[in-house]
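Working notes, beginning with the structure itself.
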There are 2 protein chains.
Amino acid sequence: MLFDSLTIVGVGLIGGSVGLAAKAKAATRRVVGVGRNADTLSRAAALGAIDEFTTDLAAGVRSADVVVFCSPVDRIARQALDAAPYARPGALFTDAGSTKATIVRDLDAGLPAHIRFVGAHPLAGSEKQGPEHARADLFDGRVCVLTPTSRTDAAALERVDLFWRALGCEVKRLTPEEHDLALATTSHLPHFVAALIAGQLPERWRPFTATGFRDTTRIASGDPRLWAAIAHENALALAHALDQFAGRLDELREVVLARDTAELTRILADAKRVRDALGS
Amino acid sequence: MLFDSLTIVGVGLIGGSVGLAAKAKAATRRVVGVGRNADTLSRAAALGAIDEFTTDLAAGVRSADVVVFCSPVDRIARQALDAAPYARPGALFTDAGSTKATIVRDLDAGLPAHIRFVGAHPLAGSEKQGPEHARADLFDGRVCVLTPTSRTDAAALERVDLFWRALGCEVKRLTPEEHDLALATTSHLPHFVAALIAGQLPERWRPFTATGFRDTTRIASGDPRLWAAIAHENALALAHALDQFAGRLDELREVVLARDTAELTRILADAKRVRDALGS
C-alpha cells in the first residue's frame, strides 16, 4: 500500500475516478472526499469512490498522506493554500488541473514549508460530468504530466510520480509553461474550435449532421464553467494557438477559393498522416 | 422486390454498403459492381456486396433498373453522362455524392431523355475507406437528402425515394443549392477544421493529446482526394462557412485575451446546448 490516507478535493468525474482507481489498485487504505455539495459527495461514496466525506476542507485534509485537488482550475490554488495550515507536516499535495503555470506559481510562492507540492495533469477526461461517470480504469495508459520546478522536493516528486503510476498513468514531465503551451494546442484549441462549430449550426440544419459533425463537436458538451476557467488561466497560450490556427484557416480559404485541388490534397494528406499516427 | 437489377458505380465504403444493404433488405435481386480496379471489385464480390462486376461502364449499366453512382464527387457527372447511352430506356440514375449543385446541374442539362435522374446524398460515412469497411446497416436511420429540381420526373422521384428508404434511410428533400450550403456547415467545415487542427500538432506534442483531440480530429483520417474534390465542387459555400467561422474565431480570441469568463461561459453554454441536442 503506497499511502495510508488519500484525500480528494472535488469529487466529480476526475476526482471520483482517482478514488475508484486508488482503491481498485490498492494505492491507499482510506479515501476521504471533500467538496461543497454533500449530495454529490454522498453519491460518490455510494459508488465506492470515497470511503467518507466532509464539506469541511480543514477536517478533510487533517490526516491525509496525500491530497489531490481535482476542482476547476480557478479554485485549485486557493483551496490548496486554505488547506495547507491543517495538513500534517510532510503531506504531499498534487492536483489534476488542466492548466499548470498559474497554479504552480501560486503554490510554489504561497505554500508553507511543511507541505510538498507537485503539479500534475492526467490527460484523461470526457465531455461527461459528475462522479456517476467516474471509472476505475479512467487513467489506464493515459499520460499524466508532472510539472516540477526548481523548488520541487525530489523525494516528493518521486512519491507523486509513484502515485499517478499506481492509478494507471504513464508519467511524463514538462515545465509548467511548456505544459500550458502544449495543452493549448492539443486540448484547449480543439475544445474551443469544437464549441464554435457547434455554435455555428442553425437549428434548421441539425437533421443534416452526421458522424463527422458529431465526432468533431463531441467535446463541446463539456462543462462550460470548467472550460471557461481553463481559458481564463491559459489565456495567452490559447490566444497564441488561436492565432496560429486563424492564419492556417486564412490560407485554407484562399486555397479553397482558388479551387487548388493539388494544394487541398496536400493539406489533407498532411493532416491524415498526423491523425493516423495517433490511432483511433 | 423493389428492383430486379441494381448497378453500383464505385464500390468503396459507400458503394459496398449500398450493395450489402440492398441485398440484406431484399431491395433488388441482382447487384452489379462497376469500377476501375478489378482487385477492389473482386474483394467487394468476395464480401457479398456485389454479385458480379465489370470494369466496363457500358456493360455494367446495360440491364440495370437503377444505377447508383458512388464515386468521388468530381467523377459522378462524367460517369453518368458516359453511362447514359448504354442504359435501358427509363433507367433510374441516382448518386451518393456529398455535393449536389454541380452534379445536378450537369446531369439535368446533359442526360438524354430516356434516363431519369434524382440526385441523392446519404449522410453516412466514415473516415475509413474501401469495401472492407462497408456495412449492411450503414444507412439505418441516417438521413438521405434528395435534391429534385423542376426537371425531375415525379414518378422517378418516388421510386428513388423508395430505394433509399429500402436501404434504411430517412429521406429528406432540399434544393441542390440549399443542400450544398447546409453541408458546407454541417460536414465540409468540420472536416477542414479537423484537418487544420491535426496539421497544427507538432510531433513532440503528440504524447499530450487525449480523447478530445482524437474525437475532434478523427475525420481528418478521411481520404484526402475525396475531400479535396468535395471542396473543389463546393468551393463558394465552403468559403462562406469558413468566413463565418473565422469571424467567430476572431471574436473568441478577443474574449479569451480579455479573460471575460462570463462571455466565455456563454459561448460554451450555447455550444453545449446545440451539441447536447444532437445526442452522442
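Naming works like this for the C-alpha cells: A, B, ... for the chains as they're shown, residue 1 at the start of each chain, ligands 1 onward in shown order.
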
What does chain B look like after a least-squares fit onto chain A on every Cα paired in order, written as a tab-separated table (two decimals) with C-alpha atoms, in the first residue's frame?
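The file below, superposed-v7.tsv, is the result:
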```tsv
chain	number	residue	atom	x	y	z
B	1	MET	CA	0.06	0.02	0.00
B	2	LEU	CA	1.62	3.26	-1.22
B	3	PHE	CA	-0.34	5.55	1.15
B	4	ASP	CA	-2.47	5.11	4.21
B	5	SER	CA	-4.86	8.00	3.68
B	6	LEU	CA	-5.76	9.86	0.49
B	7	THR	CA	-7.94	12.96	0.39
B	8	ILE	CA	-9.63	14.07	-2.83
B	9	VAL	CA	-10.83	17.67	-3.02
B	10	GLY	CA	-13.53	17.94	-5.70
B	11	VAL	CA	-15.17	14.59	-6.35
B	12	GLY	CA	-16.55	14.77	-9.90
B	13	LEU	CA	-15.59	12.72	-12.93
B	14	ILE	CA	-11.83	13.07	-12.31
B	15	GLY	CA	-11.87	13.10	-8.51
B	16	GLY	CA	-14.25	10.15	-8.42
B	17	SER	CA	-12.03	8.24	-10.82
B	18	VAL	CA	-8.97	8.97	-8.66
B	19	GLY	CA	-10.85	7.42	-5.74
B	20	LEU	CA	-12.04	4.37	-7.66
B	21	ALA	CA	-8.62	3.78	-9.22
B	22	ALA	CA	-6.75	4.28	-5.91
B	23	LYS	CA	-8.97	1.71	-4.24
B	24	ALA	CA	-9.05	-0.76	-7.16
B	25	LYS	CA	-5.26	-0.65	-7.43
B	26	ALA	CA	-4.72	-0.70	-3.66
B	27	ALA	CA	-2.75	2.56	-3.70
B	28	THR	CA	-4.27	3.66	-0.42
B	29	ARG	CA	-6.14	2.21	2.54
B	30	ARG	CA	-8.62	5.03	3.01
B	31	VAL	CA	-10.11	7.69	0.72
B	32	VAL	CA	-11.67	10.89	2.06
B	33	GLY	CA	-13.73	13.12	-0.22
B	34	VAL	CA	-14.02	16.87	0.26
B	35	GLY	CA	-16.48	19.05	-1.62
B	36	ARG	CA	-19.02	21.81	-1.28
B	37	ASN	CA	-22.03	19.70	-2.11
B	38	ALA	CA	-22.91	16.94	0.37
B	39	ASP	CA	-25.31	15.33	-2.15
B	40	THR	CA	-22.57	14.87	-4.73
B	41	LEU	CA	-20.20	13.53	-2.05
B	42	SER	CA	-22.86	11.15	-0.84
B	43	ARG	CA	-23.39	9.81	-4.36
B	44	ALA	CA	-19.62	9.39	-4.78
B	45	ALA	CA	-19.52	7.43	-1.51
B	46	ALA	CA	-22.42	5.24	-2.65
B	47	LEU	CA	-20.46	4.47	-5.84
B	48	GLY	CA	-17.43	3.46	-3.75
B	49	ALA	CA	-15.22	6.30	-5.00
B	50	ILE	CA	-14.66	7.58	-1.44
B	51	ASP	CA	-14.94	5.92	1.98
B	52	GLU	CA	-16.01	9.01	3.90
B	53	PHE	CA	-16.58	12.66	3.17
B	54	THR	CA	-16.86	16.13	4.60
B	55	THR	CA	-17.66	19.60	3.33
B	56	ASP	CA	-15.04	20.95	5.78
B	57	LEU	CA	-11.72	21.29	3.94
B	58	ALA	CA	-9.70	21.58	7.17
B	59	ALA	CA	-11.17	18.39	8.63
B	60	GLY	CA	-10.84	16.56	5.31
B	61	VAL	CA	-7.11	17.04	4.89
B	62	ARG	CA	-6.02	16.62	8.52
B	63	SER	CA	-4.85	13.01	8.39
B	64	ALA	CA	-4.02	12.76	4.69
B	65	ASP	CA	-0.67	11.48	3.43
B	66	VAL	CA	-1.60	12.83	0.01
B	67	VAL	CA	-4.20	15.37	-1.06
B	68	VAL	CA	-5.28	15.51	-4.72
B	69	PHE	CA	-7.05	18.69	-5.82
B	70	CYS	CA	-9.50	17.85	-8.63
B	71	SER	CA	-11.52	21.08	-8.62
B	72	PRO	CA	-11.90	23.50	-11.54
B	73	VAL	CA	-8.54	25.12	-12.31
B	74	ASP	CA	-9.51	28.52	-10.96
B	75	ARG	CA	-10.11	27.05	-7.48
B	76	ILE	CA	-7.17	24.70	-7.02
B	77	ALA	CA	-4.51	27.14	-5.78
B	78	ARG	CA	-6.91	28.85	-3.36
B	79	GLN	CA	-8.08	25.53	-1.92
B	80	ALA	CA	-4.54	24.20	-1.53
B	81	LEU	CA	-3.46	27.38	0.28
B	82	ASP	CA	-6.53	27.19	2.51
B	83	ALA	CA	-5.94	23.51	3.28
B	84	ALA	CA	-2.21	23.77	3.97
B	85	PRO	CA	-2.37	25.00	7.61
B	86	TYR	CA	-4.46	21.95	8.56
B	87	ALA	CA	-2.44	19.29	6.75
B	88	ARG	CA	0.15	17.24	8.63
B	89	PRO	CA	3.87	18.02	8.17
B	90	GLY	CA	5.26	16.33	5.08
B	91	ALA	CA	1.86	15.87	3.45
B	92	LEU	CA	2.03	15.59	-0.33
B	93	PHE	CA	-0.20	17.88	-2.39
B	94	THR	CA	-0.84	17.24	-6.06
B	95	ASP	CA	-3.61	18.20	-8.45
B	96	ALA	CA	-5.36	17.24	-11.66
B	97	GLY	CA	-5.70	20.71	-13.16
B	98	SER	CA	-5.73	21.17	-16.94
B	99	THR	CA	-3.55	24.27	-16.65
B	100	LYS	CA	-0.34	24.44	-14.66
B	101	ALA	CA	1.65	27.69	-14.84
B	102	THR	CA	-0.58	29.83	-12.60
B	103	ILE	CA	-1.37	27.07	-10.12
B	104	VAL	CA	2.27	26.03	-9.75
B	105	ARG	CA	3.48	29.61	-9.45
B	106	ASP	CA	0.88	30.44	-6.78
B	107	LEU	CA	1.60	27.29	-4.78
B	108	ASP	CA	5.40	27.47	-5.10
B	109	ALA	CA	5.15	31.00	-3.73
B	110	GLY	CA	2.43	30.52	-1.15
B	111	LEU	CA	2.53	27.07	0.43
B	112	PRO	CA	4.15	26.71	3.85
B	113	ALA	CA	7.37	24.69	4.09
B	114	HIS	CA	5.73	21.66	5.70
B	115	ILE	CA	3.70	20.91	2.52
B	116	ARG	CA	5.33	19.29	-0.50
B	117	PHE	CA	3.55	20.10	-3.76
B	118	VAL	CA	3.97	18.59	-7.23
B	119	GLY	CA	1.72	19.86	-10.03
B	120	ALA	CA	0.09	17.18	-12.16
B	121	HIS	CA	-2.33	16.84	-15.04
B	122	PRO	CA	-3.66	13.41	-15.98
B	123	LEU	CA	-4.77	13.62	-19.64
B	124	ALA	CA	-7.99	11.77	-19.06
B	125	GLY	CA	-11.48	13.06	-19.10
B	126	SER	CA	-14.66	13.17	-21.01
B	127	GLU	CA	-17.41	15.52	-22.04
B	128	LYS	CA	-19.41	13.95	-19.19
B	129	GLN	CA	-19.55	15.33	-15.66
B	130	GLY	CA	-20.09	14.11	-12.12
B	131	PRO	CA	-19.00	11.10	-10.05
B	132	GLU	CA	-21.59	8.93	-11.83
B	133	HIS	CA	-19.24	8.85	-14.82
B	134	ALA	CA	-16.12	8.10	-12.79
B	135	ARG	CA	-14.26	4.92	-13.74
B	136	ALA	CA	-11.52	2.92	-12.01
B	137	ASP	CA	-9.79	2.49	-15.38
B	138	LEU	CA	-10.02	6.14	-16.48
B	139	PHE	CA	-6.26	6.64	-16.11
B	140	ASP	CA	-5.09	3.33	-17.55
B	141	GLY	CA	-2.45	4.02	-20.17
B	142	ARG	CA	-3.13	7.77	-20.09
B	143	VAL	CA	-0.30	10.25	-19.86
B	144	CYS	CA	-0.05	12.21	-16.62
B	145	VAL	CA	2.16	15.29	-16.94
B	146	LEU	CA	4.10	16.27	-13.81
B	147	THR	CA	5.38	19.84	-13.76
B	148	PRO	CA	8.19	20.04	-11.18
B	149	THR	CA	10.14	23.28	-10.76
B	150	SER	CA	13.44	24.19	-9.13
B	151	ARG	CA	11.50	24.43	-5.87
B	152	THR	CA	10.08	20.91	-6.04
B	153	ASP	CA	11.32	18.45	-3.42
B	154	ALA	CA	12.99	15.50	-5.19
B	155	ALA	CA	11.62	12.85	-2.81
B	156	ALA	CA	8.10	14.31	-3.12
B	157	LEU	CA	8.42	14.23	-6.90
B	158	GLU	CA	9.24	10.52	-6.78
B	159	ARG	CA	6.30	9.81	-4.45
B	160	VAL	CA	3.84	11.75	-6.59
B	161	ASP	CA	5.23	10.02	-9.69
B	162	LEU	CA	4.56	6.66	-8.01
B	163	PHE	CA	1.08	7.80	-7.02
B	164	TRP	CA	-0.05	8.63	-10.57
B	165	ARG	CA	1.62	5.49	-11.94
B	166	ALA	CA	-0.26	3.47	-9.32
B	167	LEU	CA	-3.52	4.87	-10.73
B	168	GLY	CA	-2.55	3.56	-14.16
B	169	CYS	CA	-0.91	6.60	-15.76
B	170	GLU	CA	2.21	6.83	-17.84
B	171	VAL	CA	4.07	9.77	-16.25
B	172	LYS	CA	5.86	12.43	-18.30
B	173	ARG	CA	7.44	15.67	-17.13
B	174	LEU	CA	7.29	19.17	-18.58
B	175	THR	CA	7.84	22.63	-17.17
B	176	PRO	CA	4.52	24.28	-16.22
B	177	GLU	CA	4.91	26.74	-19.11
B	178	GLU	CA	5.69	24.07	-21.70
B	179	HIS	CA	2.69	22.10	-20.40
B	180	ASP	CA	0.38	25.07	-20.90
B	181	LEU	CA	1.72	25.80	-24.39
B	182	ALA	CA	1.36	22.15	-25.44
B	183	LEU	CA	-2.11	21.75	-23.96
B	184	ALA	CA	-3.31	24.99	-25.57
B	185	THR	CA	-2.72	23.25	-28.91
B	186	THR	CA	-3.61	19.65	-27.99
B	187	SER	CA	-6.67	20.33	-25.82
B	188	HIS	CA	-7.85	23.91	-25.35
B	189	LEU	CA	-7.78	24.88	-29.05
B	190	PRO	CA	-9.73	21.77	-30.17
B	191	HIS	CA	-12.22	22.38	-27.36
B	192	PHE	CA	-13.00	25.96	-28.36
B	193	VAL	CA	-13.00	25.16	-32.07
B	194	ALA	CA	-15.48	22.34	-31.42
B	195	ALA	CA	-17.64	24.80	-29.49
B	196	LEU	CA	-17.53	27.36	-32.33
B	197	ILE	CA	-18.52	24.72	-34.88
B	198	ALA	CA	-21.41	23.52	-32.73
B	199	GLY	CA	-22.46	27.13	-32.09
B	200	GLN	CA	-22.46	27.89	-35.82
B	201	LEU	CA	-25.11	25.24	-36.59
B	202	PRO	CA	-28.54	26.74	-37.32
B	203	GLU	CA	-31.38	24.68	-35.88
B	204	ARG	CA	-32.90	24.02	-39.31
B	205	TRP	CA	-29.72	22.23	-40.37
B	206	ARG	CA	-29.49	19.89	-37.37
B	207	PRO	CA	-31.01	16.99	-39.35
B	208	PHE	CA	-28.14	17.30	-41.83
B	209	THR	CA	-25.36	16.47	-39.39
B	210	ALA	CA	-23.72	13.06	-39.39
B	211	THR	CA	-20.83	11.24	-37.74
B	212	GLY	CA	-18.21	13.79	-38.77
B	213	PHE	CA	-20.02	16.70	-37.15
B	214	ARG	CA	-20.76	14.64	-34.04
B	215	ASP	CA	-17.20	13.45	-33.56
B	216	THR	CA	-15.74	16.88	-34.21
B	217	THR	CA	-18.05	18.64	-31.75
B	218	ARG	CA	-18.43	15.93	-29.07
B	219	ILE	CA	-16.29	17.79	-26.50
B	220	ALA	CA	-18.50	20.85	-26.87
B	221	SER	CA	-20.80	19.02	-24.43
B	222	GLY	CA	-18.21	19.58	-21.71
B	223	ASP	CA	-18.94	21.76	-18.67
B	224	PRO	CA	-18.91	25.44	-19.81
B	225	ARG	CA	-17.73	26.69	-16.41
B	226	LEU	CA	-14.74	24.32	-16.28
B	227	TRP	CA	-13.62	25.29	-19.75
B	228	ALA	CA	-14.16	29.01	-19.29
B	229	ALA	CA	-11.87	28.74	-16.25
B	230	ILE	CA	-9.26	26.87	-18.32
B	231	ALA	CA	-9.32	29.59	-21.01
B	232	HIS	CA	-9.06	32.24	-18.31
B	233	GLU	CA	-6.01	30.58	-16.71
B	234	ASN	CA	-4.30	29.83	-20.02
B	235	ALA	CA	-5.41	32.90	-21.97
B	236	LEU	CA	-2.08	33.83	-23.55
B	237	ALA	CA	-1.15	30.36	-24.74
B	238	LEU	CA	-4.70	29.75	-26.00
B	239	ALA	CA	-4.73	33.09	-27.85
B	240	HIS	CA	-1.42	32.14	-29.45
B	241	ALA	CA	-2.82	28.77	-30.58
B	242	LEU	CA	-5.94	30.54	-31.90
B	243	ASP	CA	-3.76	32.98	-33.85
B	244	GLN	CA	-1.77	30.17	-35.43
B	245	PHE	CA	-5.00	28.41	-36.30
B	246	ALA	CA	-6.57	31.58	-37.74
B	247	GLY	CA	-3.54	32.02	-40.00
B	248	ARG	CA	-3.91	28.48	-41.30
B	249	LEU	CA	-7.65	29.00	-41.76
B	250	ASP	CA	-6.99	32.09	-43.83
B	251	GLU	CA	-4.54	30.20	-46.06
B	252	LEU	CA	-7.05	27.39	-46.45
B	253	ARG	CA	-9.76	29.83	-47.52
B	254	GLU	CA	-7.53	31.13	-50.32
B	255	VAL	CA	-6.75	27.59	-51.48
B	256	VAL	CA	-10.46	26.68	-51.45
B	257	LEU	CA	-11.43	29.76	-53.46
B	258	ALA	CA	-8.60	29.08	-55.92
B	259	ARG	CA	-10.00	25.53	-56.27
B	260	ASP	CA	-6.38	24.37	-55.97
B	261	THR	CA	-7.03	20.64	-55.73
B	262	ALA	CA	-3.34	19.72	-55.49
B	263	GLU	CA	-2.78	22.03	-52.50
B	264	LEU	CA	-6.06	20.93	-50.85
B	265	THR	CA	-4.95	17.32	-51.21
B	266	ARG	CA	-1.55	18.17	-49.72
B	267	ILE	CA	-3.12	19.90	-46.67
B	268	LEU	CA	-5.48	16.98	-46.12
B	269	ALA	CA	-2.75	14.37	-46.65
B	270	ASP	CA	-0.49	16.10	-44.08
B	271	ALA	CA	-3.36	16.13	-41.58
B	272	LYS	CA	-4.21	12.49	-42.28
B	273	ARG	CA	-0.59	11.45	-41.68
B	274	VAL	CA	-0.61	13.18	-38.26
B	275	ARG	CA	-4.03	11.86	-37.30
B	276	ASP	CA	-3.37	8.28	-38.45
B	277	ALA	CA	-0.25	8.25	-36.23
B	278	LEU	CA	-2.41	8.84	-33.14
B	279	GLY	CA	-4.63	5.75	-33.56
B	280	SER	CA	-8.37	5.69	-33.02
```

Determine which residues of segment 31-172 of chain B receive a DSSP assignment of strand (DSSP E or B), computed from the backbone, and state them as a list in words.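 Of segment 31-172 of chain B, only Val31, Val32, Gly33, Val34, Glu52, Phe53, Thr54, Val66, Val67, Val68, Phe69, Leu92, Phe93, Thr94, Asp95, Arg116, Phe117, Val118, Ala120, His121, Pro122, Val143, Cys144, Val145, Leu146, Glu170, Val171 and Lys172 of chain B fall in strand (DSSP E or B).
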
Next, the residues of the selection above should be written as a JSON list (two decimals), in the first residue's frame with C-alpha atoms.
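Result went into result_38.json, see below:
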```json
[["chain", "number", "residue", "atom", "x", "y", "z"],
["B", 31, "VAL", "CA", -26.22, -6.28, -57.84],
["B", 32, "VAL", "CA", -23.60, -5.40, -60.45],
["B", 33, "GLY", "CA", -20.46, -3.52, -59.45],
["B", 34, "VAL", "CA", -18.58, -1.22, -61.81],
["B", 52, "GLU", "CA", -20.87, -9.68, -60.38],
["B", 53, "PHE", "CA", -18.62, -6.94, -61.64],
["B", 54, "THR", "CA", -17.02, -5.34, -64.64],
["B", 66, "VAL", "CA", -31.32, 1.62, -61.17],
["B", 67, "VAL", "CA", -27.73, 2.84, -61.27],
["B", 68, "VAL", "CA", -26.19, 4.40, -58.14],
["B", 69, "PHE", "CA", -23.05, 6.47, -58.67],
["B", 92, "LEU", "CA", -33.22, 5.41, -62.86],
["B", 93, "PHE", "CA", -29.94, 7.14, -62.06],
["B", 94, "THR", "CA", -29.14, 8.35, -58.56],
["B", 95, "ASP", "CA", -25.93, 9.07, -56.70],
["B", 116, "ARG", "CA", -34.45, 9.64, -65.15],
["B", 117, "PHE", "CA", -32.05, 11.15, -62.61],
["B", 118, "VAL", "CA", -32.61, 12.11, -58.98],
["B", 120, "ALA", "CA", -29.14, 11.98, -53.57],
["B", 121, "HIS", "CA", -26.75, 12.18, -50.65],
["B", 122, "PRO", "CA", -26.99, 9.63, -47.85],
["B", 143, "VAL", "CA", -30.82, 10.95, -43.40],
["B", 144, "CYS", "CA", -30.62, 10.74, -47.18],
["B", 145, "VAL", "CA", -31.14, 14.11, -48.87],
["B", 146, "LEU", "CA", -32.84, 14.02, -52.27],
["B", 170, "GLU", "CA", -34.86, 8.55, -43.61],
["B", 171, "VAL", "CA", -35.40, 10.65, -46.76],
["B", 172, "LYS", "CA", -35.50, 14.45, -46.72]]
```
